[in-house]
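*Asks:* Sharing data-v5.cif here; it has mmCIF, C-alpha atoms.
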data_my_file
#
loop_
_atom_site.group_PDB
_atom_site.id
_atom_site.type_symbol
_atom_site.label_atom_id
_atom_site.label_comp_id
_atom_site.auth_asym_id
_atom_site.auth_seq_id
_atom_site.Cartn_x
_atom_site.Cartn_y
_atom_site.Cartn_z
ATOM 1 C CA MET A 1 22.647 39.066 -31.122
ATOM 2 C CA ALA A 2 19.583 40.880 -32.474
ATOM 3 C CA ALA A 3 21.473 41.810 -35.647
ATOM 4 C CA ARG A 4 22.008 38.125 -36.495
ATOM 5 C CA PHE A 5 18.302 37.419 -36.202
ATOM 6 C CA ILE A 6 17.287 40.576 -38.043
ATOM 7 C CA LYS A 7 19.534 39.553 -40.934
ATOM 8 C CA ALA A 8 17.766 36.199 -41.075
ATOM 9 C CA PHE A 9 14.166 37.324 -40.717
ATOM 10 C CA VAL A 10 14.080 40.302 -43.103
ATOM 11 C CA PRO A 11 14.935 38.306 -46.256
ATOM 12 C CA SER A 12 12.802 35.393 -45.045
ATOM 13 C CA ILE A 13 9.677 37.546 -44.773
ATOM 14 C CA GLN A 14 10.326 39.004 -48.207
ATOM 15 C CA GLU A 15 11.070 35.647 -49.794
ATOM 16 C CA VAL A 16 7.949 33.959 -48.423
ATOM 17 C CA PHE A 17 5.629 36.736 -49.531
ATOM 18 C CA SER A 18 7.182 37.265 -52.948
ATOM 19 C CA THR A 19 7.220 33.524 -53.713
ATOM 20 C CA MET A 20 3.946 32.313 -52.189
ATOM 21 C CA VAL A 21 1.774 35.447 -52.223
ATOM 22 C CA GLN A 22 3.380 37.127 -55.284
ATOM 23 C CA MET A 23 3.721 40.327 -53.342
ATOM 24 C CA GLU A 24 6.648 42.571 -52.453
ATOM 25 C CA ILE A 25 7.044 43.542 -48.805
ATOM 26 C CA THR A 26 8.724 46.687 -47.577
ATOM 27 C CA ILE A 27 10.174 46.243 -44.098
ATOM 28 C CA GLY A 28 10.928 49.243 -41.885
ATOM 29 C CA SER A 29 13.762 49.442 -39.384
ATOM 30 C CA PRO A 30 13.179 46.766 -36.727
ATOM 31 C CA THR A 31 12.504 47.983 -33.229
ATOM 32 C CA ILE A 32 13.082 46.325 -29.866
ATOM 33 C CA CYS A 33 10.072 46.346 -27.543
ATOM 34 C CA ASP A 34 8.292 44.479 -24.751
ATOM 35 C CA HIS A 35 4.906 44.434 -26.428
ATOM 36 C CA SER A 36 3.469 45.073 -29.865
ATOM 37 C CA THR A 37 3.026 48.720 -30.778
ATOM 38 C CA GLU A 38 -0.333 48.097 -32.457
ATOM 39 C CA THR A 39 -3.168 45.667 -31.903
ATOM 40 C CA ALA A 40 -4.027 42.927 -34.390
ATOM 41 C CA ASP A 41 -7.043 40.802 -35.307
ATOM 42 C CA VAL A 42 -5.240 37.689 -36.549
ATOM 43 C CA THR A 43 -2.010 36.239 -35.169
ATOM 44 C CA GLY A 44 -0.026 33.209 -36.282
ATOM 45 C CA VAL A 45 2.390 31.863 -33.667
ATOM 46 C CA ILE A 46 5.134 29.293 -34.019
ATOM 47 C CA SER A 47 7.898 28.182 -31.666
ATOM 48 C CA MET A 48 11.490 27.288 -32.325
ATOM 49 C CA TYR A 49 13.294 24.941 -29.950
ATOM 50 C CA GLY A 50 16.554 23.109 -29.623
ATOM 51 C CA ASP A 51 19.851 24.992 -29.781
ATOM 52 C CA ILE A 52 17.833 28.177 -30.273
ATOM 53 C CA GLU A 53 14.584 28.873 -28.443
ATOM 54 C CA GLY A 54 12.030 31.450 -29.368
ATOM 55 C CA THR A 55 8.742 32.447 -30.848
ATOM 56 C CA VAL A 56 7.825 33.910 -34.218
ATOM 57 C CA ILE A 57 4.568 35.850 -34.329
ATOM 58 C CA LEU A 58 2.820 37.162 -37.461
ATOM 59 C CA SER A 59 0.105 39.712 -36.614
ATOM 60 C CA LEU A 60 -2.310 41.231 -39.096
ATOM 61 C CA PRO A 61 -5.502 43.288 -39.325
ATOM 62 C CA LEU A 62 -8.422 41.126 -40.394
ATOM 63 C CA ASN A 63 -8.898 42.630 -43.850
ATOM 64 C CA THR A 64 -5.217 42.299 -44.714
ATOM 65 C CA ALA A 65 -5.157 38.731 -43.397
ATOM 66 C CA GLU A 66 -8.131 37.745 -45.565
ATOM 67 C CA LEU A 67 -6.609 39.327 -48.672
ATOM 68 C CA ILE A 68 -3.220 37.706 -48.092
ATOM 69 C CA ALA A 69 -4.735 34.299 -47.302
ATOM 70 C CA SER A 70 -6.842 34.510 -50.462
ATOM 71 C CA ARG A 71 -3.916 35.361 -52.692
ATOM 72 C CA PHE A 72 -1.773 32.639 -51.081
ATOM 73 C CA ALA A 73 -4.461 30.008 -51.549
ATOM 74 C CA GLY A 74 -5.445 31.181 -55.028
ATOM 75 C CA ASP A 75 -9.083 31.381 -53.967
ATOM 76 C CA GLU A 76 -11.238 33.814 -51.996
ATOM 77 C CA ILE A 77 -10.920 33.043 -48.281
ATOM 78 C CA THR A 78 -12.677 34.786 -45.414
ATOM 79 C CA VAL A 79 -12.146 34.438 -41.672
ATOM 80 C CA ASP A 80 -15.080 32.003 -41.544
ATOM 81 C CA SER A 81 -13.390 29.553 -43.892
ATOM 82 C CA ASP A 82 -11.584 26.484 -42.512
ATOM 83 C CA ASP A 83 -8.698 27.363 -44.807
ATOM 84 C CA PHE A 84 -8.160 30.835 -43.298
ATOM 85 C CA THR A 85 -6.227 29.827 -40.185
ATOM 86 C CA ASP A 86 -4.463 27.102 -42.147
ATOM 87 C CA ALA A 87 -3.133 29.674 -44.620
ATOM 88 C CA ILE A 88 -1.952 32.079 -41.923
ATOM 89 C CA GLY A 89 -0.324 29.250 -39.980
ATOM 90 C CA GLU A 90 1.503 28.024 -43.063
ATOM 91 C CA LEU A 91 2.855 31.515 -43.796
ATOM 92 C CA VAL A 92 4.360 31.882 -40.319
ATOM 93 C CA ASN A 93 5.676 28.314 -40.619
ATOM 94 C CA MET A 94 7.547 29.177 -43.810
ATOM 95 C CA ILE A 95 8.915 32.451 -42.403
ATOM 96 C CA ALA A 96 10.271 30.649 -39.334
ATOM 97 C CA GLY A 97 11.654 27.779 -41.403
ATOM 98 C CA SER A 98 13.396 30.047 -43.852
ATOM 99 C CA ALA A 99 14.895 32.162 -41.061
ATOM 100 C CA LYS A 100 15.964 29.058 -39.125
ATOM 101 C CA ALA A 101 18.125 27.950 -42.026
ATOM 102 C CA LYS A 102 19.681 31.413 -42.374
ATOM 103 C CA ILE A 103 20.419 31.714 -38.645
ATOM 104 C CA ASN A 104 22.347 28.438 -38.850
ATOM 105 C CA GLY A 105 22.049 28.080 -35.100
ATOM 106 C CA GLY A 106 22.621 24.362 -34.767
ATOM 107 C CA ASP A 107 19.952 21.729 -34.207
ATOM 108 C CA VAL A 108 16.720 23.708 -34.196
ATOM 109 C CA SER A 109 13.174 22.403 -34.685
ATOM 110 C CA ILE A 110 9.920 24.222 -35.329
ATOM 111 C CA SER A 111 6.577 23.485 -33.713
ATOM 112 C CA CYS A 112 3.263 23.264 -35.523
ATOM 113 C CA PRO A 113 1.750 26.746 -35.802
ATOM 114 C CA SER A 114 -1.199 28.112 -33.870
ATOM 115 C CA VAL A 115 -3.473 30.918 -35.051
ATOM 116 C CA VAL A 116 -5.378 33.338 -32.825
ATOM 117 C CA VAL A 117 -8.373 35.223 -34.220
ATOM 118 C CA GLY A 118 -9.854 38.010 -32.122
ATOM 119 C CA SER A 119 -10.300 41.733 -32.578
ATOM 120 C CA ASN A 120 -7.686 44.134 -31.275
ATOM 121 C CA HIS A 121 -5.365 41.834 -29.376
ATOM 122 C CA SER A 122 -1.807 42.661 -28.396
ATOM 123 C CA ILE A 123 1.395 40.655 -28.156
ATOM 124 C CA TYR A 124 3.291 40.782 -24.880
ATOM 125 C CA ASN A 125 6.726 39.450 -24.054
ATOM 126 C CA GLN A 126 6.304 37.911 -20.629
ATOM 127 C CA LYS A 127 9.887 37.131 -19.709
ATOM 128 C CA LYS A 128 12.069 40.179 -19.288
ATOM 129 C CA THR A 129 15.298 38.366 -20.122
ATOM 130 C CA THR A 130 14.479 38.646 -23.809
ATOM 131 C CA ARG A 131 12.865 41.352 -25.875
ATOM 132 C CA LEU A 132 10.618 41.372 -28.888
ATOM 133 C CA ILE A 133 12.072 42.400 -32.216
ATOM 134 C CA GLU A 134 9.233 44.076 -34.125
ATOM 135 C CA PHE A 135 9.313 44.212 -37.933
ATOM 136 C CA GLU A 136 6.821 46.580 -39.545
ATOM 137 C CA CYS A 137 5.834 45.183 -42.936
ATOM 138 C CA LYS A 138 4.031 47.121 -45.657
ATOM 139 C CA SER A 139 2.409 45.611 -48.726
ATOM 140 C CA GLN A 140 -0.135 46.448 -51.394
ATOM 141 C CA LEU A 141 -2.675 44.459 -49.362
ATOM 142 C CA GLY A 142 -1.999 46.360 -46.132
ATOM 143 C CA SER A 143 0.445 46.596 -43.262
ATOM 144 C CA PHE A 144 1.208 43.919 -40.701
ATOM 145 C CA LYS A 145 3.855 43.033 -38.121
ATOM 146 C CA LEU A 146 6.232 40.217 -37.433
ATOM 147 C CA HIS A 147 7.529 39.809 -33.885
ATOM 148 C CA VAL A 148 10.450 37.606 -32.992
ATOM 149 C CA SER A 149 11.533 36.721 -29.460
ATOM 150 C CA ILE A 150 14.483 34.420 -29.654
ATOM 151 C CA LYS A 151 17.811 33.464 -28.109
ATOM 152 C CA PRO A 152 20.362 30.633 -28.003
ATOM 153 C CA ILE A 153 19.706 27.832 -25.504
ATOM 154 C CA ASP A 154 22.768 28.591 -23.395
ATOM 155 C CA ALA A 155 20.995 31.685 -22.054
ATOM 156 C CA PRO A 156 19.505 30.961 -18.598
ATOM 157 C CA THR A 157 15.803 31.606 -19.179
ATOM 158 C CA PRO A 158 13.588 30.210 -21.950
ATOM 159 C CA VAL A 159 11.493 32.619 -24.040
ATOM 160 C CA VAL A 160 7.783 32.988 -23.386
ATOM 161 C CA THR A 161 5.421 35.341 -25.132
ATOM 162 C CA LYS A 162 1.830 36.029 -24.229
ATOM 163 C CA ALA A 163 -1.070 37.321 -26.269
ATOM 164 C CA GLU A 164 -3.733 39.187 -24.313
ATOM 165 C CA VAL A 165 -7.113 39.787 -25.843
ATOM 166 C CA THR A 166 -8.515 43.208 -25.163
ATOM 167 C CA HIS A 167 -12.053 44.204 -25.946
ATOM 168 C CA MET B 1 -0.117 7.797 -62.485
ATOM 169 C CA LYS B 2 -1.169 8.071 -58.846
ATOM 170 C CA VAL B 3 0.202 10.834 -56.691
ATOM 171 C CA LEU B 4 0.013 11.039 -52.904
ATOM 172 C CA ILE B 5 0.357 14.504 -51.348
ATOM 173 C CA VAL B 6 1.286 14.434 -47.657
ATOM 174 C CA ASP B 7 1.028 17.777 -45.847
ATOM 175 C CA ASP B 8 -0.879 18.887 -42.745
ATOM 176 C CA SER B 9 -1.685 22.210 -44.454
ATOM 177 C CA ARG B 10 -4.658 22.082 -46.795
ATOM 178 C CA THR B 11 -3.463 25.301 -48.423
ATOM 179 C CA MET B 12 -0.172 23.666 -49.360
ATOM 180 C CA ARG B 13 -1.910 20.491 -50.551
ATOM 181 C CA ASN B 14 -4.171 22.603 -52.791
ATOM 182 C CA ILE B 15 -1.187 24.475 -54.229
ATOM 183 C CA GLN B 16 0.575 21.206 -55.025
ATOM 184 C CA LYS B 17 -2.637 19.737 -56.473
ATOM 185 C CA GLY B 18 -2.872 22.735 -58.775
ATOM 186 C CA VAL B 19 0.642 22.116 -60.084
ATOM 187 C CA LEU B 20 -0.073 18.413 -60.599
ATOM 188 C CA LYS B 21 -3.309 19.060 -62.460
ATOM 189 C CA LYS B 22 -1.568 21.511 -64.795
ATOM 190 C CA LEU B 23 0.941 18.743 -65.544
ATOM 191 C CA GLY B 24 -1.935 16.376 -66.315
ATOM 192 C CA TYR B 25 -1.880 14.284 -63.149
ATOM 193 C CA THR B 26 -5.411 14.025 -61.821
ATOM 194 C CA ASP B 27 -5.362 10.829 -59.770
ATOM 195 C CA ILE B 28 -4.361 12.542 -56.542
ATOM 196 C CA ILE B 29 -4.698 11.233 -53.002
ATOM 197 C CA GLU B 30 -4.157 13.433 -49.939
ATOM 198 C CA ALA B 31 -2.864 12.626 -46.471
ATOM 199 C CA VAL B 32 -2.619 14.958 -43.486
ATOM 200 C CA ASP B 33 0.222 13.310 -41.562
ATOM 201 C CA GLY B 34 2.564 10.344 -41.611
ATOM 202 C CA VAL B 35 0.079 7.900 -40.101
ATOM 203 C CA ASP B 36 -2.583 8.843 -42.660
ATOM 204 C CA ALA B 37 0.051 8.627 -45.398
ATOM 205 C CA LEU B 38 1.114 5.079 -44.482
ATOM 206 C CA SER B 39 -2.485 3.935 -44.635
ATOM 207 C CA LYS B 40 -3.195 5.652 -47.944
ATOM 208 C CA ALA B 41 0.078 4.591 -49.521
ATOM 209 C CA GLN B 42 -0.723 0.964 -48.711
ATOM 210 C CA ALA B 43 -4.258 1.272 -50.064
ATOM 211 C CA ASN B 44 -3.374 3.154 -53.243
ATOM 212 C CA THR B 45 0.252 2.273 -54.173
ATOM 213 C CA PRO B 46 1.140 5.738 -55.469
ATOM 214 C CA ASP B 47 3.777 6.256 -58.144
ATOM 215 C CA LEU B 48 4.860 9.589 -56.676
ATOM 216 C CA ILE B 49 4.714 11.028 -53.155
ATOM 217 C CA LEU B 50 5.071 14.721 -52.315
ATOM 218 C CA LEU B 51 6.012 14.690 -48.658
ATOM 219 C CA ASP B 52 6.101 17.414 -46.013
ATOM 220 C CA TRP B 53 8.441 16.967 -43.035
ATOM 221 C CA ASN B 54 6.928 18.737 -40.025
ATOM 222 C CA MET B 55 3.516 17.255 -39.314
ATOM 223 C CA PRO B 56 1.670 16.152 -36.172
ATOM 224 C CA ASN B 57 1.168 12.459 -35.287
ATOM 225 C CA MET B 58 4.026 11.250 -37.490
ATOM 226 C CA ASP B 59 6.495 13.490 -39.287
ATOM 227 C CA GLY B 60 7.601 13.032 -42.852
ATOM 228 C CA LEU B 61 11.015 11.593 -42.074
ATOM 229 C CA THR B 62 9.537 8.890 -39.853
ATOM 230 C CA PHE B 63 6.955 8.076 -42.522
ATOM 231 C CA LEU B 64 9.690 7.819 -45.149
ATOM 232 C CA LYS B 65 11.838 5.455 -43.099
ATOM 233 C CA THR B 66 8.830 3.221 -42.441
ATOM 234 C CA PHE B 67 7.576 3.391 -46.024
ATOM 235 C CA ARG B 68 10.968 2.544 -47.520
ATOM 236 C CA LYS B 69 11.186 -0.705 -45.553
ATOM 237 C CA ASN B 70 8.712 -2.206 -47.995
ATOM 238 C CA ASN B 71 8.833 0.122 -50.966
ATOM 239 C CA GLY B 72 12.016 1.194 -52.640
ATOM 240 C CA SER B 73 10.618 2.165 -56.026
ATOM 241 C CA THR B 74 8.057 4.916 -55.412
ATOM 242 C CA VAL B 75 9.456 8.342 -56.211
ATOM 243 C CA VAL B 76 9.411 10.551 -53.094
ATOM 244 C CA ILE B 77 9.993 14.293 -53.241
ATOM 245 C CA MET B 78 10.270 16.035 -49.902
ATOM 246 C CA VAL B 79 8.560 19.480 -49.913
ATOM 247 C CA THR B 80 9.525 21.188 -46.674
ATOM 248 C CA THR B 81 10.789 24.228 -44.782
ATOM 249 C CA GLU B 82 13.719 22.169 -43.443
ATOM 250 C CA ALA B 83 16.553 23.715 -45.428
ATOM 251 C CA GLU B 84 19.707 22.891 -43.461
ATOM 252 C CA LYS B 85 22.253 20.607 -45.092
ATOM 253 C CA THR B 86 22.030 18.187 -42.157
ATOM 254 C CA ARG B 87 18.295 17.778 -42.732
ATOM 255 C CA VAL B 88 18.739 17.187 -46.454
ATOM 256 C CA VAL B 89 21.354 14.526 -45.725
ATOM 257 C CA GLU B 90 19.001 12.874 -43.244
ATOM 258 C CA ALA B 91 16.281 12.736 -45.862
ATOM 259 C CA ILE B 92 18.606 11.336 -48.514
ATOM 260 C CA LYS B 93 19.759 8.627 -46.116
ATOM 261 C CA ALA B 94 16.109 7.807 -45.427
ATOM 262 C CA GLY B 95 15.495 7.330 -49.145
ATOM 263 C CA VAL B 96 14.126 10.583 -50.563
ATOM 264 C CA ASN B 97 14.628 11.017 -54.322
ATOM 265 C CA ASN B 98 14.552 14.801 -54.417
ATOM 266 C CA TYR B 99 14.041 17.799 -52.157
ATOM 267 C CA LEU B 100 12.200 21.118 -52.563
ATOM 268 C CA ILE B 101 12.387 23.836 -49.949
ATOM 269 C CA LYS B 102 9.380 25.979 -49.010
ATOM 270 C CA PRO B 103 8.659 28.683 -50.046
ATOM 271 C CA PHE B 104 8.702 27.543 -53.658
ATOM 272 C CA ALA B 105 7.402 28.823 -56.951
ATOM 273 C CA PRO B 106 4.924 26.425 -58.580
ATOM 274 C CA GLU B 107 7.229 26.210 -61.612
ATOM 275 C CA SER B 108 9.997 24.816 -59.386
ATOM 276 C CA LEU B 109 7.751 22.017 -58.159
ATOM 277 C CA ALA B 110 6.642 21.275 -61.717
ATOM 278 C CA GLU B 111 10.258 21.126 -62.866
ATOM 279 C CA ILE B 112 11.285 18.660 -60.162
ATOM 280 C CA ILE B 113 8.254 16.442 -60.770
ATOM 281 C CA ASN B 114 8.946 16.317 -64.512
ATOM 282 C CA LYS B 115 12.614 15.621 -63.913
ATOM 283 C CA MET B 116 11.968 12.788 -61.445
ATOM 284 C CA LEU B 117 9.264 11.121 -63.503
ATOM 285 C CA GLN B 118 11.318 11.263 -66.688
ATOM 286 C CA THR B 119 14.224 9.509 -65.037
ATOM 287 C CA THR B 120 12.165 6.601 -63.635
#
The structure given in the file should be rewritten as structure tokens.
*Replies:*
Amino acid sequence: MAARFIKAFVPSIQEVFSTMVQMEITIGSPTICDHSTETADVTGVISMYGDIEGTVILSLPLNTAELIASRFAGDEITVDSDDFTDAIGELVNMIAGSAKAKINGGDVSISCPSVVVGSNHSIYNQKKTTRLIEFECKSQLGSFKLHVSIKPIDAPTPVVTKAEVTH
Amino acid sequence: MKVLIVDDSRTMRNIQKGVLKKLGYTDIIEAVDGVDALSKAQANTPDLILLDWNMPNMDGLTFLKTFRKNNGSTVVIMVTTEAEKTRVVEAIKAGVNNYLIKPFAPESLAEIINKMLQTT
């Protein structure tokens, strides 16, 4: 099951960043975990629902997020700008949308994205019936992570992920 | 030539505006969802609409179905992450003229716009 999703998300991440941010991404071997292995400062979250349920989470350090958002928008953007969270949300939206089409999992919809900004937060998978797939992504603008927690709807328990802010 | 861009993401609207301006189209109106788009389409009678699908309040497909009840001639290009064949068919049945999947290179959007406006 994880292999099917890995095969969808790896090219989707690369396609979104090469097309919209003009940047190549190197993705390491995905790992299965219950929580993120590193903290982040900026996280974009989007849900998938329908025949497949799950969550796609893009987590970045602040500096990397600002650089990526700026290149995506074609203008300098900092965390204080109204466009910052919009840019991050749109990136995770496109990654999820692109992967959704590749998964070909039936009738699947995507929510509107949310973006969390806060220093050193972690991503936790709350329900133990699914795991997080963690993709480590490296780019010329810095490293970041994509987490995916996802499964078909015929599984008994829906997916929930939780972000906890630590100070 | 009036163009209406409908997308809840300002980043995406700005990217599309940039492509339009390079093509020489400067009379650009923006809407953030389907409800906003219906109001602005009625007030401005655009010649071309670039339309996102997934938006709050009213999605792009619902806007298109409503819009097409009274307007069959405006060129509508859907610009969306919805890439499945079933979605494309839905949009065609609702009256879309062309379809561009996100992520897209600006040149691809420019090409589709030129193609659609040359054939109308």
*Asks:* Restrict the distance test to all atoms listed in the file, flag each residue of chain B within 10 Å of chain A, and return the flagged residues as a ChimeraX atom specification.
*Replies:* /B:8-15,18,54-56,80-87,101-106
*Asks:* I need the residue nearest B:Pro46 from this list: B:Lys115, B:Lys93, B:Lys2, B:Lys65. Use all atoms listed in the file for the distance.
*Replies:*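 Among B:Lys115, B:Lys93, B:Lys2, B:Lys65, it is B:Lys2 that comes nearest to B:Pro46.
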*Asks:* For A:Glu38, work out the shell of residues within 10 Å, counting all atoms listed in the file and skipping chain neighbours fewer than 2 positions away, then give it as a tab-separated table (two decimals) with C-alpha atoms, keeping the file's coordinate frame.
*Replies:*
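Now in result-v5.tsv:
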chain	number	residue	atom	x	y	z
A	35	HIS	CA	4.91	44.43	-26.43
A	36	SER	CA	3.47	45.07	-29.86
A	40	ALA	CA	-4.03	42.93	-34.39
A	59	SER	CA	0.10	39.71	-36.61
A	60	LEU	CA	-2.31	41.23	-39.10
A	61	PRO	CA	-5.50	43.29	-39.33
A	120	ASN	CA	-7.69	44.13	-31.28
A	121	HIS	CA	-5.36	41.83	-29.38
A	122	SER	CA	-1.81	42.66	-28.40
A	123	ILE	CA	1.40	40.66	-28.16
A	144	PHE	CA	1.21	43.92	-40.70
A	145	LYS	CA	3.86	43.03	-38.12
*Asks:* Expressed in Å to a single decimal, how great is the separation between atom CA of A:Phe5 and atom CA of A:Leu58?
*Replies:*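 Atom-to-atom, atom CA of A:Phe5 and atom CA of A:Leu58 are spaced 15.5 Å apart.
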*Asks:* Could you jot down the atom CA of A:Ser139 to atom CA of A:Glu66 separation for me, Å, one decimal place?
*Replies:*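 Answer for the atom CA of A:Ser139 to atom CA of A:Glu66 separation: 13.5 Å.
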*Asks:* Tell me which residues the PyMOL selection byres ((chain B and resi 35) around 12) grabs here, as a list of chain:residue names.
*Replies:*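 With the shown file as input, the PyMOL selection byres ((chain B and resi 35) around 12) matches B:Val6, B:Asp7, B:Asp8, B:Ala31, B:Val32, B:Asp33, B:Gly34, B:Asp36, B:Ala37, B:Leu38, B:Ser39, B:Lys40, B:Ala41, B:Gln42, B:Met55, B:Pro56, B:Asn57, B:Met58, B:Asp59, B:Gly60, B:Leu61, B:Thr62, B:Phe63, B:Leu64, B:Thr66, B:Phe67.
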*Asks:* Go through A:Ile25, A:Leu141, A:Val148, A:Ile103 and flag the residue nearest A:Ile68, using all atoms listed in the file for the distances.
*Replies:* A:Leu141
*Asks:* If I take atom CA of A:Ser29 and atom CA of A:Thr55, how far is one from the other in Å, to one decimal?
*Replies:*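 We find that atom CA of A:Ser29 and atom CA of A:Thr55 lie 19.7 Å from each other.
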*Asks:* For each of A:Thr26, A:Asn125, A:Gln140, A:Thr64, take the minimum atom-to-atom distance to A:Val42, counting only C-alpha atoms, then give the residue where this is smallest.
*Replies:*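 Among A:Thr26, A:Asn125, A:Gln140, A:Thr64, it is A:Thr64 that comes nearest to A:Val42.
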*Asks:* The centre and edge lengths of an axis-aligned box containing all atoms of stretch 75-89 of chain B present in the file, extended by 4 Å on each side, are to be given in Å to one decimal, as AutoDock Vina command-line options.
*Replies:*
--center_x 15.4 --center_y 16.3 --center_z -49.2 --size_x 21.7 --size_y 23.9 --size_z 22.1
*Asks:* Nearest to B:Ile77 among B:Val19, B:Leu4, B:Asn97, B:Val89, with distances taken over only C-alpha atoms: which residue is it?
*Replies:*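 Among the listed residues, B:Asn97 lies closest to B:Ile77.
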*Asks:* Of the candidates B:Leu51, B:Leu20, B:Ile92, B:Ala43, which one gets nearest to B:Ile113 if we count all atoms listed in the file?
*Replies:* B:Leu20
*Asks:* For the file shown, what are the residues hit by the PyMOL selection byres ((chain B and resi 47) around 12), laid out as number ranges by chain?
*Replies:* B: 1-5, 25, 27-29, 41-42, 44-46, 48-50, 71-77, 113, 116-117, 120
*Asks:* Do you know which residues are at most 9 Å from A:Ile32 counting all atoms listed in the file, after dropping those on the same chain fewer than 4 positions away, and could you put them as a PyMOL selection string?
*Replies:* chain A and resi 2+131-134
